[in-house]
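Report on the structure given below.
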Amino acid sequence: MTIILNVNGAERRIDAEPATPLLYALRNDLGLNGAKYGCGLGQCGACTVQLDGKAVFSCLLPVAALEGRRITTVEGLGTLDKPGVLQQAFETEQAAQCGYCIAGMIMRAQALLDRNPSPTETDIRAHMQPNLCRCGTHMRILRAVRRAADMMSGKLAILESGQ
């Protein structure tokens with residue numbers, strides 16, 4: 001069956017069974033390998049992408065239910081040459097150890113910052129809770145989300161310039 005998906009702002013056509021998980025379509029059909037297979041049960045968050053601006057587990061979403069919806073993957077936030085703010089913050093804070101969870105963490109954090117550009121520490125912790133890091137870099141991940149929020153608001157630039 002031909003299914004049309006809006007991924008990172010572009011219409012993409014795939015031939016897939018209706019029940020195919022979005023994760024498989026992204027990785028196997030579209031070559032977008034940021035989202036990872038972690039558990040297949042929506043319990044780890046390695047497969048997190050955005051659907052209409054909300055963080056979702058792509059391993060649980062059948063592609064047939066997604067036509068006409070806006071899908072954003074980590075590849076849609078920036079490039080190697082021009083990384084997005086969250087990608088820069090995660091790099092600066094060295095939030096990745098093995099890196100397996102990071103695309104999902106970034107996508108969940110982006111959904112938070114899109115909705116609430118000035119989150120409290122409690123907001124960040126609550127929003128990031130569904131995603132797991134098996135390496136234990138949660139504190140660096142939380143710092144990266146805070147850094148990105150501060151960068152987006154201009155607060156970090158003020159702090160870094162010594163003012």
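Residue names in the structure tokens use chain letters A, B, ... in the order shown, residue numbers from 1 in each chain, and ligand numbers from 1 in the order shown.
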
Contact check, range 22-91 of chain A to range 115-130 of chain A, at most 12 Å, counting only C-alpha atoms, closest pairs as JSON lines:
```
{"residue": "A:Gly42", "atom": "CA", "partner": "A:Pro130", "partner_atom": "CA", "distance": 8.9}
{"residue": "A:Gln43", "atom": "CA", "partner": "A:Pro130", "partner_atom": "CA", "distance": 7.2}
{"residue": "A:Cys44", "atom": "CA", "partner": "A:Pro130", "partner_atom": "CA", "distance": 6.8}
{"residue": "A:Gly45", "atom": "CA", "partner": "A:Pro130", "partner_atom": "CA", "distance": 6.5}
{"residue": "A:Ala46", "atom": "CA", "partner": "A:Pro130", "partner_atom": "CA", "distance": 10.1}
{"residue": "A:Cys47", "atom": "CA", "partner": "A:Pro130", "partner_atom": "CA", "distance": 11.5}
{"residue": "A:Thr48", "atom": "CA", "partner": "A:Pro130", "partner_atom": "CA", "distance": 9.9}
{"residue": "A:Asp52", "atom": "CA", "partner": "A:Arg115", "partner_atom": "CA", "distance": 11.8}
{"residue": "A:Gly53", "atom": "CA", "partner": "A:Arg115", "partner_atom": "CA", "distance": 8.5}
{"residue": "A:Lys54", "atom": "CA", "partner": "A:Arg115", "partner_atom": "CA", "distance": 9.0}
{"residue": "A:Ala55", "atom": "CA", "partner": "A:His127", "partner_atom": "CA", "distance": 9.6}
{"residue": "A:Val56", "atom": "CA", "partner": "A:Pro130", "partner_atom": "CA", "distance": 10.1}
{"residue": "A:Phe57", "atom": "CA", "partner": "A:Pro130", "partner_atom": "CA", "distance": 9.9}
```

Exercise. Can you list every residue in range 73-123 of chain A that DSSP puts in alpha helix (DSSP H), as JSON, numbers by chain?
Worked result: {"A": [85, 86, 87, 88, 89, 90, 91, 92, 102, 103, 104, 105, 106, 107, 108, 109, 110, 111, 112, 113, 114, 115, 121, 122, 123]}

For this session: Give me every strand (DSSP E or B) residue in range 42-148 of chain A, going by DSSP on the backbone, as number ranges by chain.
Result: A: 48-51, 54-57, 62, 70-72

Grab the residues selected above and save them as an mmCIF file, in the first residue's frame with N, CA and C atoms.
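Result file is selection12.cif:
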```cif
data_model
loop_
_atom_site.group_PDB
_atom_site.id
_atom_site.type_symbol
_atom_site.label_atom_id
_atom_site.label_comp_id
_atom_site.auth_asym_id
_atom_site.auth_seq_id
_atom_site.Cartn_x
_atom_site.Cartn_y
_atom_site.Cartn_z
ATOM 1 N N THR A 48 11.732 8.007 19.985
ATOM 2 C CA THR A 48 10.891 9.202 20.069
ATOM 3 C C THR A 48 11.092 10.131 18.871
ATOM 4 N N VAL A 49 9.967 10.550 18.304
ATOM 5 C CA VAL A 49 9.905 11.578 17.269
ATOM 6 C C VAL A 49 8.771 12.523 17.675
ATOM 7 N N GLN A 50 8.557 13.540 16.880
ATOM 8 C CA GLN A 50 7.414 14.417 17.139
ATOM 9 C C GLN A 50 6.323 14.132 16.119
ATOM 10 N N LEU A 51 5.102 14.116 16.594
ATOM 11 C CA LEU A 51 3.925 13.998 15.737
ATOM 12 C C LEU A 51 3.049 15.200 16.045
ATOM 13 N N LYS A 54 4.114 16.916 19.214
ATOM 14 C CA LYS A 54 4.132 16.189 20.494
ATOM 15 C C LYS A 54 5.093 15.011 20.398
ATOM 16 N N ALA A 55 5.810 14.759 21.491
ATOM 17 C CA ALA A 55 6.736 13.633 21.537
ATOM 18 C C ALA A 55 5.946 12.330 21.585
ATOM 19 N N VAL A 56 6.286 11.399 20.671
ATOM 20 C CA VAL A 56 5.602 10.105 20.601
ATOM 21 C C VAL A 56 6.624 9.002 20.365
ATOM 22 N N PHE A 57 6.238 7.793 20.723
ATOM 23 C CA PHE A 57 7.075 6.616 20.479
ATOM 24 C C PHE A 57 6.764 6.079 19.089
ATOM 25 N N PRO A 62 1.308 2.919 13.855
ATOM 26 C CA PRO A 62 1.199 2.345 12.510
ATOM 27 C C PRO A 62 1.168 3.459 11.462
ATOM 28 N N ARG A 70 1.983 15.758 10.791
ATOM 29 C CA ARG A 70 3.337 16.309 10.664
ATOM 30 C C ARG A 70 4.294 15.528 11.555
ATOM 31 N N ILE A 71 5.259 14.857 10.939
ATOM 32 C CA ILE A 71 6.261 14.056 11.643
ATOM 33 C C ILE A 71 7.594 14.801 11.585
ATOM 34 N N THR A 72 8.237 14.935 12.738
ATOM 35 C CA THR A 72 9.566 15.554 12.782
ATOM 36 C C THR A 72 10.512 14.591 13.476
#
```

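Distances here use only C-alpha atoms; by that measure, the residue among A:Leu112, A:Ala95, A:Met1, A:Val85 closest to Met151 in chain A is A:Val85.
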
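If only C-alpha atoms are the atoms counted, then among A:Ala19, A:Ile4, A:Leu60, A:Leu32 the closest residue to Ala103 in chain A is A:Leu32.
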
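The list of residues with at least one atom within 12 Å of Gly68 in chain A, based on only C-alpha atoms and without residues fewer than 4 positions apart in the same chain, reads Ile3, Ile4, Leu5, Asn6, Val7, Gly9, Ala10, Glu11, Arg12, Leu51, Asp52, Val63 and Ala64 of chain A.
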
Per residue of range 1-118 of chain A within 9 Å of range 135-141 of chain A, note the shortest atom pair and the distance in Å to one decimal, counting only C-alpha atoms, and order the rows by chain and increasing residue number, as a tab-separated table.
```
residue	atom	partner	partner_atom	distance
A:Phe90	CA	A:Ile141	CA	6.8
A:Glu93	CA	A:Arg140	CA	6.0
A:Gln94	CA	A:Arg140	CA	6.9
A:Ala95	CA	A:Arg140	CA	4.8
A:Ala96	CA	A:Thr137	CA	6.9
A:Gln97	CA	A:Cys135	CA	6.5
A:Cys98	CA	A:Cys135	CA	7.1
A:Gly99	CA	A:Cys135	CA	8.9
A:Ile102	CA	A:Ile141	CA	8.5
A:Met105	CA	A:Ile141	CA	7.8
A:Ile106	CA	A:Ile141	CA	8.9
```

Once you have the residues from the selection above, write them out as a short mmCIF file (atom, residue, chain, number, x, y, z; two decimals), in the first residue's frame, restricted to N, CA and C atoms.
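Listing of selection-v5.cif after writing:
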```
data_model
loop_
_atom_site.label_atom_id
_atom_site.label_comp_id
_atom_site.auth_asym_id
_atom_site.auth_seq_id
_atom_site.Cartn_x
_atom_site.Cartn_y
_atom_site.Cartn_z
N PHE A 90 23.39 19.62 23.67
CA PHE A 90 23.74 18.25 24.04
C PHE A 90 25.22 18.00 23.80
N GLU A 93 27.27 19.98 26.56
CA GLU A 93 27.16 19.34 27.88
C GLU A 93 27.67 17.90 27.88
N GLN A 94 28.12 17.42 26.72
CA GLN A 94 28.57 16.03 26.57
C GLN A 94 27.53 15.07 27.13
N ALA A 95 26.29 15.28 26.69
CA ALA A 95 25.16 14.52 27.23
C ALA A 95 25.10 13.09 26.72
N ALA A 96 25.85 12.77 25.69
CA ALA A 96 25.83 11.41 25.16
C ALA A 96 27.02 10.62 25.68
N GLN A 97 26.75 9.40 26.08
CA GLN A 97 27.86 8.49 26.36
C GLN A 97 27.92 7.51 25.20
N CYS A 98 26.98 6.58 25.13
CA CYS A 98 26.96 5.70 23.95
C CYS A 98 26.19 6.35 22.80
N GLY A 99 25.26 7.26 23.13
CA GLY A 99 24.53 8.00 22.11
C GLY A 99 23.23 7.37 21.64
N ILE A 102 20.05 9.44 22.52
CA ILE A 102 20.12 10.89 22.40
C ILE A 102 19.13 11.47 21.40
N MET A 105 15.90 11.63 23.17
CA MET A 105 15.96 12.64 24.22
C MET A 105 15.81 14.04 23.63
N ILE A 106 16.51 14.29 22.53
CA ILE A 106 16.45 15.60 21.89
C ILE A 106 15.03 15.87 21.38
#
```
